[in-house]
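Student: File start30.tsv below, TSV, C-alpha atoms:
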chain	number	residue	atom	x	y	z
A	19	MET	CA	-0.59	8.06	11.89
A	20	LYS	CA	-0.18	11.56	10.58
A	21	ASP	CA	-2.91	11.50	7.97
A	22	LEU	CA	-5.92	9.54	6.76
A	23	SER	CA	-4.16	8.01	3.78
A	24	MET	CA	-1.77	6.25	6.18
A	25	HIS	CA	-4.73	4.79	8.05
A	26	ILE	CA	-6.20	3.71	4.73
A	27	MET	CA	-2.99	2.00	3.68
A	28	ASP	CA	-2.92	0.25	7.04
A	29	ILE	CA	-6.49	-1.05	6.97
A	30	LEU	CA	-6.13	-2.16	3.33
A	31	GLN	CA	-3.29	-4.41	4.49
A	32	ASN	CA	-5.76	-6.20	6.78
A	33	SER	CA	-7.84	-7.12	3.74
A	34	THR	CA	-4.81	-8.30	1.80
A	35	ARG	CA	-3.80	-10.51	4.73
A	36	ALA	CA	-7.32	-11.92	4.85
A	37	GLY	CA	-6.80	-13.23	1.33
A	38	ALA	CA	-9.24	-10.85	-0.35
A	39	THR	CA	-9.38	-10.81	-4.15
A	40	LYS	CA	-11.55	-7.72	-4.27
A	41	ILE	CA	-11.32	-4.69	-2.01
A	42	GLU	CA	-13.72	-1.79	-2.26
A	43	LEU	CA	-12.92	1.54	-0.68
A	44	ASP	CA	-15.48	4.33	-0.53
A	45	ILE	CA	-14.53	7.80	0.66
A	46	ILE	CA	-17.40	10.23	0.94
A	47	GLU	CA	-17.16	13.81	2.09
A	48	ASN	CA	-20.63	15.00	3.01
A	49	THR	CA	-20.70	18.74	3.63
A	50	ASP	CA	-24.40	18.73	4.62
A	51	LEU	CA	-23.85	16.29	7.45
A	52	ASP	CA	-20.29	17.54	7.97
A	53	THR	CA	-18.92	14.01	7.87
A	54	LEU	CA	-16.16	12.19	6.10
A	55	THR	CA	-16.95	8.50	5.83
A	56	ILE	CA	-14.52	5.83	4.75
A	57	THR	CA	-15.81	2.33	4.06
A	58	PHE	CA	-13.57	-0.69	3.46
A	59	LYS	CA	-15.26	-3.79	2.09
A	60	ASP	CA	-13.44	-6.97	1.18
A	61	ASN	CA	-14.23	-10.54	0.20
A	62	GLY	CA	-11.50	-11.98	2.39
A	63	SER	CA	-11.73	-14.73	4.95
A	64	GLY	CA	-13.88	-12.76	7.41
A	65	MET	CA	-13.71	-13.23	11.15
A	66	SER	CA	-15.41	-15.39	13.74
A	67	GLU	CA	-17.45	-13.63	16.41
A	68	GLU	CA	-14.75	-14.32	18.91
A	69	VAL	CA	-12.08	-12.56	16.83
A	70	LEU	CA	-14.48	-9.79	15.90
A	71	SER	CA	-15.17	-9.02	19.57
A	72	GLN	CA	-11.43	-8.62	20.18
A	73	VAL	CA	-10.48	-6.77	17.03
A	74	LEU	CA	-10.59	-3.28	18.55
A	75	ASN	CA	-8.50	-4.35	21.50
A	76	PRO	CA	-4.99	-2.92	20.94
A	77	PHE	CA	-3.48	-5.93	22.69
A	78	PHE	CA	-5.05	-8.36	20.26
A	79	THR	CA	-3.57	-9.43	16.94
A	80	THR	CA	-3.54	-12.50	14.72
A	81	ARG	CA	0.10	-11.92	13.95
A	82	THR	CA	2.73	-14.06	15.57
A	83	THR	CA	5.57	-11.58	15.08
A	84	ARG	CA	4.38	-9.20	17.76
A	85	LYS	CA	1.77	-8.94	20.47
A	86	VAL	CA	-0.03	-5.71	19.70
A	87	GLY	CA	-2.48	-4.84	16.93
A	88	LEU	CA	-2.92	-1.11	16.77
A	89	GLY	CA	-4.27	-0.45	13.27
A	90	LEU	CA	-8.01	-0.43	13.92
A	91	SER	CA	-7.61	0.90	17.47
A	92	LEU	CA	-5.69	3.96	16.30
A	93	LEU	CA	-8.19	4.61	13.54
A	94	LYS	CA	-11.10	4.36	15.98
A	95	GLN	CA	-9.41	6.69	18.43
A	96	ASN	CA	-8.71	9.30	15.74
A	97	ALA	CA	-12.31	9.09	14.51
A	98	GLU	CA	-13.73	9.46	18.00
A	99	LEU	CA	-11.56	12.52	18.62
A	100	THR	CA	-13.51	14.25	15.86
A	101	GLY	CA	-16.93	13.17	17.13
A	102	GLY	CA	-17.02	10.21	14.76
A	103	SER	CA	-17.09	6.46	15.17
A	104	LEU	CA	-15.93	3.15	13.79
A	105	ALA	CA	-18.14	0.16	13.02
A	106	ILE	CA	-17.05	-3.24	11.85
A	107	SER	CA	-19.00	-6.23	10.64
A	108	SER	CA	-17.69	-9.51	9.39
A	109	THR	CA	-18.89	-12.91	8.32
A	110	LEU	CA	-16.59	-15.90	8.26
A	111	GLY	CA	-15.98	-16.96	4.69
A	112	VAL	CA	-17.75	-13.94	3.21
A	113	GLY	CA	-15.73	-10.86	4.07
A	114	THR	CA	-15.40	-7.84	6.28
A	115	GLU	CA	-16.70	-4.31	6.20
A	116	VAL	CA	-15.24	-1.44	8.22
A	117	THR	CA	-16.94	1.94	8.26
A	118	VAL	CA	-15.28	4.87	9.91
A	119	THR	CA	-16.76	8.35	10.19
A	120	PHE	CA	-14.90	11.56	10.97
A	121	GLY	CA	-16.19	15.05	11.64
A	122	LEU	CA	-15.32	16.65	8.29
A	123	SER	CA	-14.57	20.17	9.52
A	124	HIS	CA	-13.44	19.14	13.00
A	125	ILE	CA	-10.11	20.70	13.88
A	126	ASP	CA	-8.71	17.35	15.02
A	127	ARG	CA	-9.52	15.55	11.78
A	128	PRO	CA	-6.24	14.49	10.19
A	129	PRO	CA	-5.75	15.70	6.61
A	130	MET	CA	-6.23	13.20	3.79
A	131	GLY	CA	-2.54	13.15	2.85
A	132	ASP	CA	-1.25	11.45	-0.26
A	133	LEU	CA	-4.23	9.26	-1.14
A	134	ALA	CA	-3.17	8.78	-4.78
A	135	GLY	CA	0.26	7.45	-3.84
A	136	THR	CA	-1.20	5.24	-1.13
A	137	ILE	CA	-3.75	3.59	-3.39
A	138	VAL	CA	-1.47	3.13	-6.37
A	139	LEU	CA	1.44	1.73	-4.35
A	140	THR	CA	-0.87	-0.72	-2.60
A	141	ALA	CA	-2.55	-1.76	-5.85
A	142	SER	CA	0.82	-2.30	-7.52
A	143	ALA	CA	2.08	-4.34	-4.57
A	144	TYR	CA	-0.91	-6.67	-4.89
A	145	PRO	CA	-1.49	-6.95	-8.65
A	146	ASN	CA	-3.83	-9.92	-8.23
A	147	ILE	CA	-6.29	-8.06	-6.04
A	148	ARG	CA	-8.96	-5.91	-7.64
A	149	PHE	CA	-9.12	-2.53	-5.94
A	150	ILE	CA	-12.16	-0.35	-6.50
A	151	VAL	CA	-11.76	3.09	-4.96
A	152	HIS	CA	-14.60	5.53	-5.07
A	153	TYR	CA	-14.09	9.12	-3.96
A	154	GLN	CA	-17.02	11.45	-3.65
A	155	LYS	CA	-17.12	15.05	-2.54
A	156	PRO	CA	-19.00	18.12	-3.82
A	157	GLY	CA	-18.12	18.46	-7.50
A	158	ILE	CA	-16.15	15.23	-7.61
A	159	ASP	CA	-17.23	11.66	-8.14
A	160	TYR	CA	-14.31	9.50	-9.16
A	161	THR	CA	-13.88	5.74	-9.39
A	162	PHE	CA	-10.50	4.08	-9.71
A	163	ASP	CA	-10.90	0.42	-10.63
A	164	THR	CA	-7.81	-1.71	-11.19
A	165	GLU	CA	-9.74	-4.09	-13.43
A	166	GLU	CA	-10.46	-1.25	-15.88
A	167	ILE	CA	-6.87	-0.10	-15.53
A	168	ASN	CA	-5.46	-3.54	-16.29
A	169	GLU	CA	-7.65	-3.65	-19.39
A	170	ALA	CA	-6.28	-0.28	-20.51
A	171	LEU	CA	-2.75	-1.49	-19.78
A	172	ASP	CA	-3.30	-4.48	-22.03
A	173	GLY	CA	-0.75	-6.81	-20.52
A	174	VAL	CA	1.69	-4.20	-19.24
A	175	SER	CA	2.22	-4.77	-15.53
A	176	ILE	CA	0.80	-2.37	-12.98
A	177	GLN	CA	4.15	-2.84	-11.20
A	178	GLU	CA	6.15	-1.03	-13.89
A	179	PRO	CA	7.64	2.13	-12.32
A	180	GLU	CA	6.47	4.35	-15.19
A	181	ILE	CA	2.94	2.97	-14.92
A	182	ILE	CA	2.96	3.63	-11.17
A	183	GLN	CA	3.87	7.26	-11.85
A	184	TYR	CA	1.16	7.59	-14.52
A	185	LEU	CA	-1.47	6.10	-12.24
A	186	ILE	CA	-0.57	8.38	-9.36
A	187	GLU	CA	-0.82	11.33	-11.73
A	188	MET	CA	-4.16	10.13	-13.08
A	189	PHE	CA	-5.59	9.67	-9.60
A	190	ARG	CA	-4.38	13.11	-8.47
A	191	GLU	CA	-5.77	14.83	-11.54
A	192	ASN	CA	-9.23	13.48	-10.77
A	193	LEU	CA	-9.42	14.58	-7.15
B	288	MET	CA	2.27	15.59	-23.15
B	289	ASP	CA	-0.58	16.85	-21.04
B	290	LYS	CA	-1.34	15.36	-17.69
B	291	ILE	CA	-2.89	11.90	-17.61
B	292	LYS	CA	-6.47	12.18	-16.56
B	293	SER	CA	-8.42	9.32	-18.01
B	294	LEU	CA	-8.01	5.68	-18.98
B	295	ALA	CA	-7.73	6.81	-22.60
B	296	ASP	CA	-4.72	8.99	-21.70
B	297	LEU	CA	-3.26	6.03	-19.84
B	298	LYS	CA	-3.69	3.81	-22.91
B	299	LYS	CA	-1.85	6.34	-25.05
B	300	LYS	CA	1.03	6.49	-22.60
B	301	ARG	CA	1.12	2.70	-22.38
B	302	GLU	CA	1.41	2.45	-26.17
B	303	GLU	CA	4.35	4.86	-26.08
B	304	LEU	CA	5.99	2.74	-23.42
B	305	GLN	CA	5.23	-0.64	-24.88
B	306	SER	CA	8.25	-1.06	-27.14
B	307	ALA	CA	10.67	-0.16	-24.38
B	308	LEU	CA	8.91	-2.51	-22.01
B	309	THR	CA	8.86	-5.42	-24.43
B	310	LEU	CA	12.62	-5.09	-24.84
B	311	ARG	CA	13.03	-5.05	-21.11
B	312	GLU	CA	10.90	-8.11	-20.57
B	313	GLN	CA	12.68	-10.29	-23.09
B	314	GLY	CA	14.60	-13.17	-21.58
B	315	GLU	CA	13.67	-12.27	-18.09
B	316	ASN	CA	11.33	-13.76	-15.62
B	317	THR	CA	10.40	-12.75	-12.12
B	318	GLU	CA	12.71	-15.23	-10.43
B	319	ASN	CA	15.70	-13.54	-12.01
B	320	LEU	CA	14.74	-10.16	-10.63
B	321	ILE	CA	15.67	-8.60	-7.34
B	322	GLN	CA	12.73	-8.81	-4.96
B	323	VAL	CA	12.33	-5.88	-2.60
B	324	ARG	CA	9.68	-6.03	0.09
B	325	VAL	CA	8.91	-3.02	2.22
B	326	ALA	CA	7.31	-3.82	5.58
B	327	MET	CA	4.00	-2.04	5.46
B	328	ALA	CA	2.12	-2.81	8.66
B	329	THR	CA	0.96	-0.22	11.17
B	330	CYS	CA	4.48	0.19	12.58
B	331	GLY	CA	6.10	0.56	9.17
B	332	ILE	CA	3.49	2.95	7.82
B	333	ALA	CA	3.71	5.16	10.89
B	334	SER	CA	7.49	5.33	10.44
B	335	GLY	CA	7.29	6.45	6.81
B	336	ALA	CA	7.49	3.18	4.86
B	337	LYS	CA	5.40	4.55	2.00
B	338	GLN	CA	7.93	7.27	1.20
B	339	VAL	CA	10.69	4.67	1.38
B	340	MET	CA	8.85	2.49	-1.11
B	341	GLU	CA	8.46	5.44	-3.48
B	342	VAL	CA	12.17	6.26	-3.24
B	343	ILE	CA	13.18	2.65	-3.94
B	344	ILE	CA	10.90	2.41	-7.00
B	345	ASN	CA	12.15	5.72	-8.39
B	346	GLU	CA	15.82	5.07	-7.68
B	347	CYS	CA	15.68	1.61	-9.26
B	348	ASN	CA	14.02	3.10	-12.31
B	349	LYS	CA	16.60	5.89	-12.54
B	350	ARG	CA	19.48	3.45	-12.33
B	351	GLY	CA	17.89	0.90	-14.65
B	352	ILE	CA	17.79	-1.78	-11.95
B	353	GLN	CA	15.19	-4.44	-12.58
B	354	ALA	CA	13.49	-5.05	-9.28
B	355	VAL	CA	10.05	-6.01	-8.14
B	356	VAL	CA	9.14	-3.75	-5.25
B	357	THR	CA	6.20	-4.91	-3.17
B	358	GLN	CA	4.86	-4.71	0.35
B	359	THR	CA	4.89	-7.13	3.20
B	360	GLY	CA	3.62	-7.16	6.77
B	361	CYS	CA	5.33	-6.76	10.10
B	362	MET	CA	8.42	-8.87	10.69
B	363	GLY	CA	8.44	-8.13	14.39
B	364	TYR	CA	11.18	-5.51	14.16
B	365	CYS	CA	8.83	-2.65	14.92
B	366	TYR	CA	11.61	-0.75	16.70
B	367	ALA	CA	13.67	-0.72	13.52
B	368	GLU	CA	10.99	0.36	11.07
B	369	PRO	CA	10.94	1.13	8.24
B	370	THR	CA	12.43	-2.24	7.36
B	371	VAL	CA	13.14	-3.51	3.88
B	372	GLU	CA	13.81	-7.10	2.83
B	373	VAL	CA	15.93	-7.58	-0.27
B	374	THR	CA	16.23	-10.95	-2.00
B	375	LYS	CA	18.74	-11.11	-4.80
B	376	PRO	CA	18.44	-14.03	-7.20
B	377	GLY	CA	20.25	-16.98	-5.72
B	378	SER	CA	20.90	-15.30	-2.37
B	379	GLU	CA	19.27	-15.45	1.02
B	380	PRO	CA	16.99	-12.54	1.91
B	381	VAL	CA	18.64	-9.69	3.81
B	382	VAL	CA	16.64	-7.37	6.04
B	383	PHE	CA	17.69	-3.77	6.47
B	384	GLY	CA	16.36	-1.69	9.33
B	385	TYR	CA	15.99	2.03	9.99
B	386	ILE	CA	15.60	2.74	6.27
B	387	THR	CA	14.80	6.43	5.98
B	388	PRO	CA	14.24	7.85	2.48
B	389	VAL	CA	17.90	8.98	2.44
B	390	LYS	CA	19.06	5.55	3.55
B	391	ALA	CA	16.78	4.00	0.90
B	392	GLU	CA	18.73	5.78	-1.83
B	393	GLU	CA	21.93	4.46	-0.32
B	394	LEU	CA	20.44	0.95	-0.21
B	395	VAL	CA	19.68	1.05	-3.94
B	396	ALA	CA	23.05	2.59	-4.82
B	397	LYS	CA	25.12	0.22	-2.69
B	398	TYR	CA	23.35	-3.09	-2.20
B	399	LEU	CA	21.02	-3.28	-5.18
B	400	ALA	CA	23.33	-1.75	-7.76
B	401	GLY	CA	26.53	-3.21	-6.35
B	402	ASN	CA	26.86	-5.77	-3.67
B	403	GLU	CA	28.03	-3.54	-0.90
B	404	MET	CA	26.45	-3.83	2.51
B	405	LEU	CA	25.33	-0.90	4.55
B	406	ASP	CA	24.91	-0.67	8.29
B	407	GLY	CA	21.53	-1.25	9.84
B	408	VAL	CA	21.30	-4.83	8.64
B	409	ILE	CA	19.17	-6.82	11.01
B	410	PRO	CA	20.65	-10.24	11.42
B	411	VAL	CA	17.96	-12.77	10.80
B	412	ASN	CA	17.67	-16.48	10.85
B	413	TYR	CA	14.32	-17.01	9.27
B	414	GLU	CA	13.64	-18.63	5.96
B	415	LYS	CA	11.12	-16.20	4.60
B	416	VAL	CA	8.69	-13.66	5.95
B	417	ASN	CA	5.15	-14.78	5.31
B	418	GLN	CA	3.15	-12.05	6.85
Represent the structure of the file as structure tokens.

Tutor:
Amino acid sequence: MKDLSMHIMDILQNSTRAGATKIELDIIENTDLDTLTITFKDNGSGMSEEVLSQVLNPFFTTRTTRKVGLGLSLLKQNAELTGGSLAISSTLGVGTEVTVTFGLSHIDRPPMGDLAGTIVLTASAYPNIRFIVHYQKPGIDYTFDTEEINEALDGVSIQEPEIIQYLIEMFRENL
Amino acid sequence: MDKIKSLADLKKKREELQSALTLREQGENTENLIQVRVAMATCGIASGAKQVMEVIINECNKRGIQAVVTQTGCMGYCYAEPTVEVTKPGSEPVVFGYITPVKAEELVAKYLAGNEMLDGVIPVNYEKVNQ
């Protein structure tokens, strides 16, 4: 994974596969603590303790198409390279929360990459899931909520190519 | 117009678009559209699937092709990522492998716009990819 937005896209897919109808993503750059924290919270199926204990094992996956599951492992490794960490908690039938912390100014921290494109493309691919993305850094406090967006779109699909372009632009302009 | 920054700007743009979109939607339902699914699991993402998805959406729009472009999981062809599954109305799904952004343009121009195949087709014998 070359940048953080790719990791984000990857972990969001876990929530979509868990049947979530609401996914919250918080990205907070804290210059005082020199950390960048990303929190994923979904209301998907959640995991049993047995699955949860295996979830960071790269040779564990719930997929049947292949035998490795690298998403969370790669994210954890990248976070730890910057002095950060990854924590995950989950309750069966309630949902899952993943919190990953990076050293903000650490030289090995991957750049954010194209966050706007990542979020909008994922939201448009799953129009029935509510995505709430909150980005906070000094001088910026932005929330992108697909429920509000769908209201503003008034029946026009979030999958329309023009709308996708507008949303990417809107997201970028607010960062 | 100025850049879109708020929901109010988005509303304005949507109103401008609405008439064109209503025309487009008439007499059409999702089953009659081409379904394009870009594999977007760890393997796909790491190989550049997001860019491929952007290219497909933009190319379809440019050429006036009505397609629903969404994401799917890993089909087990990690070696051939990015992979793209195309289902044309009334046809079996076809999976294309090694779809770089350049190849994605070709895919839209040849297979989506016409009915021409391109190399890199992964022969498959599944009914439908679920994950």

Student: Taking a cut-off of 6 Å and counting all atoms listed in the file, can you build a table that, for each residue of chain A near chain B, reports the nearest atom pair and how far apart they are in Å (one decimal), sorted by chain then residue number, as a Markdown table?

Tutor:
| residue | atom | partner | partner_atom | distance |
| --- | --- | --- | --- | --- |
| A:Met19 | CA | B:Ala333 | CA | 5.3 |
| A:Asp28 | CA | B:Thr329 | CA | 5.7 |
| A:Thr83 | CA | B:Gly363 | CA | 4.5 |
| A:Arg84 | CA | B:Gly363 | CA | 5.4 |
| A:Gly89 | CA | B:Thr329 | CA | 5.6 |
| A:Ala143 | CA | B:Thr357 | CA | 4.4 |
| A:Ala170 | CA | B:Lys298 | CA | 5.4 |
| A:Met188 | CA | B:Lys292 | CA | 4.7 |
| A:Glu191 | CA | B:Lys292 | CA | 5.7 |

Student: Kindly extract all protein, DNA and RNA residues lying within 10 Å of the coordinates (-14.0, -13.1, 4.8) given in the file, considering all atoms listed in the file, and supply them as a list in words.

Tutor: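 The requested residues, written out, are Ser33, Ala36, Gly37, Ala38, Lys59, Asp60, Asn61, Gly62, Ser63, Gly64, Met65, Ser66, Ser108, Thr109, Leu110, Gly111, Val112, Gly113, Thr114 and Glu115 of chain A.
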
Student: What's the separation between atom CA of A:Leu54 and atom CA of A:Gly121, in Å to one decimal place?

Tutor: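 Separation between atom CA of A:Leu54 and atom CA of A:Gly121: 6.2 Å.
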
Student: Could you check the closest approach to A:Leu92 for each of A:Lys20, A:Thr34, A:Ile41, A:Leu70 and tell me which residue wins, using only C-alpha atoms?

Tutor: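 Closest to A:Leu92, using only C-alpha atoms: A:Lys20.
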
Student: Counting only C-alpha atoms, note down every residue that has an atom within 12 Å of the point (18.4, -13.1, -5.9) (file coordinates), as a list in words.

Tutor: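 It turns out the residues near that spot are Thr317, Glu318, Asn319, Leu320, Ile321, Gln322, Val323, Gln353, Ala354, Val355, Glu372, Val373, Thr374, Lys375, Pro376, Gly377, Ser378, Glu379, Pro380, Val381, Tyr398, Leu399 and Asn402 of chain B.
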
Student: Identify, on the basis of only C-alpha atoms, every residue whose closest approach to B:Phe383 does not exceed 6 Å; exclude the query and any residue fewer than 2 positions from it along the same chain; express the result as a list in words.

Tutor: Thr370, Val371, Gly407, Val408 and Ile409 of chain B

Student: Separation of atom CA of A:Leu99 and atom CA of A:Pro156, in Å?

Tutor: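 Distance reported for this atom pair: 24.3 Å.
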
Student: Return the single residue from A:Val138, A:Tyr144, A:Ser103, A:Phe77 that is closest to A:Arg35, with distances computed using all atoms listed in the file.

Tutor: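 Selected residue with least distance to A:Arg35: A:Tyr144.
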
Student: So how far away is atom CA of A:Leu122 from atom CA of A:Thr49, in Å?

Tutor: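 The value is 7.4 Å.
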
Student: Can you work out which one of A:Ile106, A:Ile182, A:Met27, A:Ile147 has the shortest atom-to-atom distance to A:Val69, counting all atoms listed in the file?

Tutor: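 Checking each candidate against A:Val69, we get A:Ile106 as the closest.
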
Student: Counting only C-alpha atoms, which of A:Pro145, A:Gly157, A:Pro129, A:Gly87 gets nearest to A:Ile29?

Tutor: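 Among A:Pro145, A:Gly157, A:Pro129, A:Gly87, it is A:Gly87 that comes nearest to A:Ile29.
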